[in-house]
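Structure data follow from run_37.cif (mmCIF, C-alpha atoms):
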data_input
loop_
_atom_site.group_PDB
_atom_site.id
_atom_site.type_symbol
_atom_site.label_atom_id
_atom_site.label_comp_id
_atom_site.auth_asym_id
_atom_site.auth_seq_id
_atom_site.Cartn_x
_atom_site.Cartn_y
_atom_site.Cartn_z
ATOM 1 C CA MET V 3 0.000 0.000 0.000
ATOM 2 C CA PRO V 4 1.520 3.387 -0.962
ATOM 3 C CA ILE V 5 2.591 5.600 1.892
ATOM 4 C CA GLU V 6 0.985 9.024 2.079
ATOM 5 C CA PRO V 7 3.261 12.055 2.571
ATOM 6 C CA TYR V 8 4.141 12.453 6.221
ATOM 7 C CA GLU V 9 5.593 15.202 8.404
ATOM 8 C CA ILE V 10 9.303 15.364 9.188
ATOM 9 C CA THR V 11 10.500 17.746 11.906
ATOM 10 C CA THR V 12 14.025 19.057 12.440
ATOM 11 C CA VAL V 13 14.816 20.228 15.967
ATOM 12 C CA TYR V 14 17.848 22.323 16.928
ATOM 13 C CA PRO V 15 19.697 22.492 20.253
ATOM 14 C CA ASP V 16 18.089 25.855 21.079
ATOM 15 C CA GLY V 17 14.669 24.224 20.863
ATOM 16 C CA THR V 18 13.584 25.812 17.595
ATOM 17 C CA SER V 19 12.175 23.504 14.950
ATOM 18 C CA GLU V 20 10.860 23.347 11.418
ATOM 19 C CA THR V 21 8.437 20.873 9.891
ATOM 20 C CA ARG V 22 8.043 19.836 6.269
ATOM 21 C CA LEU V 23 6.363 17.078 4.295
ATOM 22 C CA SER V 24 8.371 14.067 3.164
ATOM 23 C CA THR V 25 9.742 14.127 -0.361
ATOM 24 C CA PRO V 26 8.829 11.480 -2.969
ATOM 25 C CA GLU V 27 12.369 10.097 -2.591
ATOM 26 C CA GLU V 28 11.947 9.714 1.186
ATOM 27 C CA ILE V 29 8.592 8.010 0.719
ATOM 28 C CA ALA V 30 10.088 5.628 -1.854
ATOM 29 C CA GLN V 31 12.958 4.795 0.509
ATOM 30 C CA ARG V 32 10.545 4.140 3.391
ATOM 31 C CA GLU V 33 8.480 1.845 1.166
ATOM 32 C CA ALA V 34 11.626 -0.024 0.099
ATOM 33 C CA ASP V 35 12.755 -0.279 3.735
ATOM 34 C CA LEU V 36 9.460 -1.764 4.845
ATOM 35 C CA ILE V 37 9.588 -4.386 2.075
ATOM 36 C CA GLN V 38 13.185 -5.291 2.953
ATOM 37 C CA PHE V 39 12.528 -5.376 6.701
ATOM 38 C CA GLU V 40 9.560 -7.690 6.192
ATOM 39 C CA ALA V 41 11.658 -10.007 4.016
ATOM 40 C CA ASP V 42 14.399 -9.986 6.671
ATOM 41 C CA ARG V 43 11.871 -10.774 9.400
ATOM 42 C CA VAL V 44 10.410 -13.706 7.453
ATOM 43 C CA ALA V 45 13.895 -15.087 6.740
ATOM 44 C CA ARG V 46 14.948 -14.670 10.370
ATOM 45 C CA GLU V 47 11.870 -16.422 11.728
ATOM 46 C CA ALA V 48 12.236 -19.231 9.166
ATOM 47 C CA ALA V 49 15.849 -19.752 10.228
ATOM 48 C CA ILE V 50 14.840 -19.933 13.880
ATOM 49 C CA ALA V 51 12.037 -22.392 13.120
ATOM 50 C CA GLU V 52 14.342 -24.571 11.025
ATOM 51 C CA ALA V 53 16.995 -24.618 13.770
ATOM 52 C CA GLU V 54 14.405 -25.557 16.381
ATOM 53 C CA ALA V 55 13.058 -28.350 14.155
ATOM 54 C CA LYS V 56 16.578 -29.723 13.673
ATOM 55 C CA ARG V 57 17.129 -29.582 17.416
ATOM 56 C CA GLU V 58 13.942 -31.533 18.120
ATOM 57 C CA SER V 59 14.852 -34.076 15.428
ATOM 58 C CA ALA V 60 18.309 -34.527 16.951
ATOM 59 C CA LYS V 61 16.829 -34.987 20.415
ATOM 60 C CA ALA V 62 14.483 -37.684 19.147
ATOM 61 C CA LYS V 63 17.305 -39.553 17.385
ATOM 62 C CA LEU V 64 19.550 -39.382 20.453
ATOM 63 C CA ALA V 65 16.714 -40.664 22.634
ATOM 64 C CA ALA V 66 16.237 -43.553 20.185
ATOM 65 C CA LEU V 67 19.883 -44.451 20.739
ATOM 66 C CA GLY V 68 19.172 -44.839 24.447
ATOM 67 C CA LEU V 69 20.277 -41.512 25.905
ATOM 68 C CA ASP V 70 18.103 -40.242 28.738
ATOM 69 C CA GLU V 71 16.732 -36.699 28.857
ATOM 70 C CA ALA V 72 19.574 -35.320 30.985
ATOM 71 C CA GLU V 73 22.204 -36.786 28.669
ATOM 72 C CA VAL V 74 20.517 -35.328 25.605
ATOM 73 C CA ALA V 75 20.279 -31.941 27.301
ATOM 74 C CA ALA V 76 23.976 -32.089 28.202
ATOM 75 C CA ILE V 77 24.961 -32.726 24.602
ATOM 76 C CA LEU V 78 22.706 -30.038 23.163
ATOM 77 C CA ARG V 79 23.575 -27.365 25.732
ATOM 78 C CA MET K 6 37.922 20.198 26.547
ATOM 79 C CA PRO K 7 39.152 17.299 28.716
ATOM 80 C CA LEU K 8 42.376 15.644 27.651
ATOM 81 C CA ASN K 9 41.230 12.083 28.240
ATOM 82 C CA GLY K 10 38.136 9.923 28.156
ATOM 83 C CA LEU K 11 34.786 10.264 26.482
ATOM 84 C CA VAL K 12 33.302 13.579 25.416
ATOM 85 C CA LYS K 13 29.555 13.932 25.069
ATOM 86 C CA ILE K 14 28.606 15.395 21.688
ATOM 87 C CA THR K 15 25.664 17.712 21.064
ATOM 88 C CA PRO K 16 24.120 17.124 17.617
ATOM 89 C CA THR K 17 23.773 20.147 15.345
ATOM 90 C CA SER K 18 20.135 19.071 14.948
ATOM 91 C CA VAL K 19 17.872 16.037 14.972
ATOM 92 C CA THR K 20 15.286 15.197 12.332
ATOM 93 C CA VAL K 21 12.406 13.015 13.398
ATOM 94 C CA THR K 22 9.616 11.131 11.689
ATOM 95 C CA GLY K 23 7.157 10.436 14.454
ATOM 96 C CA THR K 24 5.782 12.222 17.464
ATOM 97 C CA SER K 25 8.762 14.236 18.715
ATOM 98 C CA ALA K 26 12.464 14.519 19.488
ATOM 99 C CA SER K 27 14.526 17.005 21.473
ATOM 100 C CA ILE K 28 18.151 17.746 22.316
ATOM 101 C CA GLY K 29 18.971 18.149 26.009
ATOM 102 C CA SER K 30 21.430 20.716 27.281
ATOM 103 C CA GLY K 31 24.104 18.039 27.668
ATOM 104 C CA GLY K 32 23.577 16.610 24.184
ATOM 105 C CA GLN K 33 21.329 13.659 25.014
ATOM 106 C CA VAL K 34 18.570 13.162 22.452
ATOM 107 C CA THR K 35 15.123 12.141 23.664
ATOM 108 C CA PHE K 36 12.696 10.675 21.123
ATOM 109 C CA THR K 37 9.055 9.710 21.365
ATOM 110 C CA ALA K 38 7.183 7.308 19.071
ATOM 111 C CA MET K 39 9.592 7.779 16.187
ATOM 112 C CA THR K 40 9.986 5.570 13.123
ATOM 113 C CA GLU K 41 13.107 7.336 11.834
ATOM 114 C CA LEU K 42 15.522 9.688 13.571
ATOM 115 C CA HIS K 43 18.507 11.475 12.071
ATOM 116 C CA ILE K 44 21.100 12.580 14.629
ATOM 117 C CA ASN K 45 22.914 15.202 12.618
ATOM 118 C CA GLY K 46 26.443 16.515 12.946
ATOM 119 C CA VAL K 47 27.827 14.190 15.606
ATOM 120 C CA PHE K 48 30.812 12.804 13.678
ATOM 121 C CA SER K 49 33.696 15.116 12.820
ATOM 122 C CA SER K 50 37.460 15.318 12.521
ATOM 123 C CA SER K 51 37.632 16.030 16.270
ATOM 124 C CA TYR K 52 37.362 12.292 17.031
ATOM 125 C CA ASP K 53 38.096 9.054 15.245
ATOM 126 C CA ASN K 54 35.933 6.657 17.252
ATOM 127 C CA TYR K 55 32.590 6.969 18.994
ATOM 128 C CA LEU K 56 30.408 5.326 21.616
ATOM 129 C CA VAL K 57 26.630 5.412 21.135
ATOM 130 C CA VAL K 58 24.485 4.635 24.194
ATOM 131 C CA CYS K 59 20.773 4.117 23.649
ATOM 132 C CA ARG K 60 17.816 3.102 25.784
ATOM 133 C CA HIS K 61 14.600 2.375 23.930
ATOM 134 C CA ALA K 62 11.235 0.646 24.039
ATOM 135 C CA ASN K 63 9.422 -0.189 20.819
ATOM 136 C CA SER K 64 5.644 -0.189 20.499
ATOM 137 C CA ILE K 65 5.649 -3.731 19.090
ATOM 138 C CA THR K 66 8.193 -6.539 18.958
ATOM 139 C CA SER K 67 10.574 -5.128 16.379
ATOM 140 C CA GLY K 68 14.094 -3.913 15.755
ATOM 141 C CA LEU K 69 15.846 -0.579 15.998
ATOM 142 C CA PHE K 70 18.572 -0.234 13.385
ATOM 143 C CA GLY K 71 21.392 2.200 12.683
ATOM 144 C CA ARG K 72 22.640 3.683 9.421
ATOM 145 C CA LEU K 73 25.307 6.188 8.457
ATOM 146 C CA ARG K 74 24.354 9.542 6.982
ATOM 147 C CA ASN K 75 26.154 12.492 5.431
ATOM 148 C CA SER K 76 24.994 15.951 4.379
ATOM 149 C CA GLY K 77 21.347 14.982 4.521
ATOM 150 C CA THR K 78 21.631 11.681 2.664
ATOM 151 C CA THR K 79 21.416 8.347 4.468
ATOM 152 C CA ALA K 80 23.447 5.393 3.204
ATOM 153 C CA THR K 81 20.943 2.550 2.744
ATOM 154 C CA THR K 82 23.139 -0.145 1.153
ATOM 155 C CA ASN K 83 26.655 -1.635 1.263
ATOM 156 C CA TYR K 84 26.413 -2.830 4.863
ATOM 157 C CA ARG K 85 27.452 -6.255 6.144
ATOM 158 C CA THR K 86 26.693 -7.650 9.581
ATOM 159 C CA GLN K 87 27.233 -10.732 11.652
ATOM 160 C CA ASN K 88 24.952 -11.209 14.596
ATOM 161 C CA SER K 89 24.090 -13.590 17.367
ATOM 162 C CA TRP K 90 21.413 -13.472 19.979
ATOM 163 C CA ALA K 91 20.424 -15.479 22.995
ATOM 164 C CA ALA K 92 16.794 -15.324 23.985
ATOM 165 C CA ALA K 93 14.350 -17.639 25.717
ATOM 166 C CA THR K 94 15.378 -21.153 24.670
ATOM 167 C CA GLY K 95 18.760 -20.848 23.114
ATOM 168 C CA LEU K 96 21.427 -19.201 21.045
ATOM 169 C CA GLN K 97 20.914 -18.191 17.431
ATOM 170 C CA ALA K 98 23.277 -16.681 14.930
ATOM 171 C CA GLY K 99 22.914 -15.077 11.570
ATOM 172 C CA ASN K 100 24.684 -13.279 8.796
ATOM 173 C CA THR K 101 21.660 -12.201 6.883
ATOM 174 C CA ASN K 102 23.464 -9.268 5.393
ATOM 175 C CA THR K 103 26.317 -10.986 3.659
ATOM 176 C CA GLY K 104 27.797 -9.468 0.532
ATOM 177 C CA THR K 105 27.079 -5.780 0.156
ATOM 178 C CA SER K 106 23.295 -5.970 0.162
ATOM 179 C CA GLY K 107 22.815 -5.235 3.849
ATOM 180 C CA THR K 108 20.789 -2.175 4.700
ATOM 181 C CA CYS K 109 21.925 -1.320 8.243
ATOM 182 C CA LEU K 110 25.169 -0.965 10.217
ATOM 183 C CA PHE K 111 23.738 -2.319 13.474
ATOM 184 C CA GLY K 112 20.517 -3.348 15.133
ATOM 185 C CA ASN K 113 18.955 -4.194 18.456
ATOM 186 C CA TYR K 114 15.730 -6.157 18.862
ATOM 187 C CA ASN K 115 13.019 -5.270 21.299
ATOM 188 C CA TYR K 116 10.215 -7.285 22.815
ATOM 189 C CA ALA K 117 7.160 -5.065 22.705
ATOM 190 C CA THR K 118 7.204 -2.231 25.239
ATOM 191 C CA SER K 119 9.956 -3.905 27.265
ATOM 192 C CA ARG K 120 13.143 -2.184 28.326
ATOM 193 C CA SER K 121 15.937 -2.406 25.809
ATOM 194 C CA GLY K 122 19.303 -0.821 25.468
ATOM 195 C CA PHE K 123 22.531 -1.031 23.533
ATOM 196 C CA ASN K 124 25.952 0.455 23.265
ATOM 197 C CA ALA K 125 27.621 0.631 19.891
ATOM 198 C CA TYR K 126 31.236 1.433 19.171
ATOM 199 C CA ILE K 127 31.603 3.072 15.759
ATOM 200 C CA PHE K 128 35.091 3.315 14.322
ATOM 201 C CA ASN K 129 36.179 5.964 11.829
ATOM 202 C CA PRO K 130 32.788 7.090 10.484
ATOM 203 C CA PHE K 131 34.061 10.546 9.508
ATOM 204 C CA ALA K 132 37.177 9.302 7.727
ATOM 205 C CA SER K 133 36.865 8.406 4.053
ATOM 206 C CA THR K 134 37.485 4.746 4.766
ATOM 207 C CA ALA K 135 35.280 1.800 5.565
ATOM 208 C CA THR K 136 33.359 2.215 8.827
ATOM 209 C CA VAL K 137 33.037 -0.660 11.278
ATOM 210 C CA CYS K 138 30.857 -1.103 14.336
ATOM 211 C CA ARG K 139 30.470 -3.392 17.318
ATOM 212 C CA LEU K 140 27.188 -3.480 19.240
ATOM 213 C CA LEU K 141 26.094 -5.118 22.461
ATOM 214 C CA GLY K 142 22.407 -4.975 23.227
ATOM 215 C CA GLN K 143 19.710 -6.447 25.388
ATOM 216 C CA SER K 144 15.959 -6.616 25.614
ATOM 217 C CA GLU K 145 13.986 -7.807 28.583
ATOM 218 C CA ALA K 146 11.221 -10.249 27.733
ATOM 219 C CA SER K 147 10.129 -13.068 30.022
ATOM 220 C CA SER K 148 13.837 -13.463 30.615
ATOM 221 C CA ALA K 149 16.891 -11.445 29.707
ATOM 222 C CA SER K 150 18.125 -11.592 26.155
ATOM 223 C CA LEU K 151 21.430 -10.735 24.543
ATOM 224 C CA TYR K 152 22.219 -9.311 21.118
ATOM 225 C CA GLU K 153 25.587 -8.926 19.495
ATOM 226 C CA PHE K 154 26.256 -7.286 16.166
ATOM 227 C CA SER K 155 29.378 -6.690 14.191
ATOM 228 C CA GLY K 156 28.785 -4.387 11.243
ATOM 229 C CA SER K 157 30.733 -2.735 8.492
ATOM 230 C CA HIS K 158 30.057 -0.319 5.698
ATOM 231 C CA SER K 159 32.167 -0.956 2.645
ATOM 232 C CA SER K 160 31.899 2.453 1.033
ATOM 233 C CA ALA K 161 34.985 4.620 1.545
ATOM 234 C CA SER K 162 32.899 7.692 2.318
ATOM 235 C CA SER K 163 32.815 10.202 5.139
ATOM 236 C CA TYR K 164 29.743 10.364 7.362
ATOM 237 C CA ASP K 165 28.823 13.127 9.799
ATOM 238 C CA SER K 166 25.529 11.768 11.122
ATOM 239 C CA LEU K 167 23.703 8.708 12.359
ATOM 240 C CA THR K 168 20.202 7.475 11.527
ATOM 241 C CA LEU K 169 17.994 5.249 13.684
ATOM 242 C CA ILE K 170 15.120 3.439 11.995
ATOM 243 C CA THR K 171 12.546 0.925 13.197
ATOM 244 C CA ASP K 172 11.523 -2.123 11.184
ATOM 245 C CA GLY K 173 8.035 -2.053 12.684
ATOM 246 C CA GLY K 174 6.024 0.034 15.103
ATOM 247 C CA ASN K 175 7.744 3.024 16.673
ATOM 248 C CA SER K 176 10.368 3.608 19.326
ATOM 249 C CA THR K 177 10.647 5.809 22.421
ATOM 250 C CA GLY K 178 13.862 6.425 24.333
ATOM 251 C CA THR K 179 17.105 8.343 24.590
ATOM 252 C CA ILE K 180 20.392 8.251 22.725
ATOM 253 C CA THR K 181 23.740 9.880 23.438
ATOM 254 C CA VAL K 182 26.847 9.987 21.265
ATOM 255 C CA TYR K 183 30.306 10.248 22.821
ATOM 256 C CA GLY K 184 33.632 10.811 21.124
ATOM 257 C CA PHE K 185 36.813 9.127 22.267
ATOM 258 C CA ASN K 186 39.519 11.698 22.833
ATOM 259 C CA LYS K 187 42.497 11.048 20.601
#
Have the structure of the file written as structure tokens, please.
Amino acid sequence: MPIEPYEITTVYPDGTSETRLSTPEEIAQREADLIQFEADRVAREAAIAEAEAKRESAKAKLAALGLDEAEVAAILR
Amino acid sequence: MPLNGLVKITPTSVTVTGTSASIGSGGQVTFTAMTELHINGVFSSSYDNYLVVCRHANSITSGLFGRLRNSGTTATTNYRTQNSWAAATGLQAGNTNTGTSGTCLFGNYNYATSRSGFNAYIFNPFASTATVCRLLGQSEASSASLYEFSGSHSSASSYDSLTLITDGGNSTGTITVYGFNK
């Protein structure tokens, strides 16, 4: 969904400020950022889920070999 | 000017997208519900290396990221980072920004409305060489969490400013930039 122009305010150390509307370039960059951040978030969560699945798979295989829960936990710590 | 130690730097201005930002008399920047914040004029030839100290709370579970900026233009590409984090059930690691396609120099994640903070050492941002950064951060969820980032920017450009940007929601907190005396 396109982003509508938004206000950007510059504040100086003496407390004075000025406000303007975002430029088309700033809006385009924000839209690109949001797309990239969402892609990064999806990739990050997928990596975490994959690692957790591998961990659970490894635990099950170690248990099948006869290791008890404490021994599995010690190996995977 | 003191001969040794860290020197707090007052930005020449801050530019905020969001509710508000202000510069305290000592140079600390306070921001409220911002999605992007430019901290202008903090890097100069007076110092080579800098310490950035930030406390923040995001409105949703999201990240707060840092970028380099110069003369009103923020560098949005050519970053590379390695990161690891320990939260809840274990340790994770990533290098999602390999190559030169990364979009941020550093980042810190935040569990919604919890207390988060980070310190970031930024080396040689003003010099026309590659800039590198080391960040240690935390966010308090149901248990403490730890974030570590190592970032670099491959462009041999000079930067005088720093940008903070959220990847979701908005962020409220304070940030202070210190220069290491040469």
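Within 6 Å of chain V, and using only C-alpha atoms, the residues found on chain K are K:Ser18, K:Val19, K:Thr20, K:Val21, K:Thr22, K:Ile28, K:Asp172.
You can rank K:Ser166, K:Ala135, K:Gly31, K:His158 by their closest distance to Asn83 (chain K) using all atoms listed in the file, and at the top of that list sits K:His158.
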Next item on the list: Determine, counting only C-alpha atoms, every residue of protein, DNA or RNA that lies within 10 Å of (25.4, 14.1, 11.1) in the file coordinates, then give the result as a VMD selection string.
Entry: chain K and resid 16 to 19 43 to 49 73 to 79 131 164 to 168
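The two atoms in question, CA of Thr25 (chain V) and CA of Thr81 (chain K), are spaced 16.4 Å apart.
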Margin query: Applying 9 Å and all atoms listed in the file, which residues near Ser51 (chain K) remain after dropping the ones on its own chain fewer than 3 positions away? List them as a list in words.
Written below: Phe48, Gly184, Asn186 and Lys187 of chain K
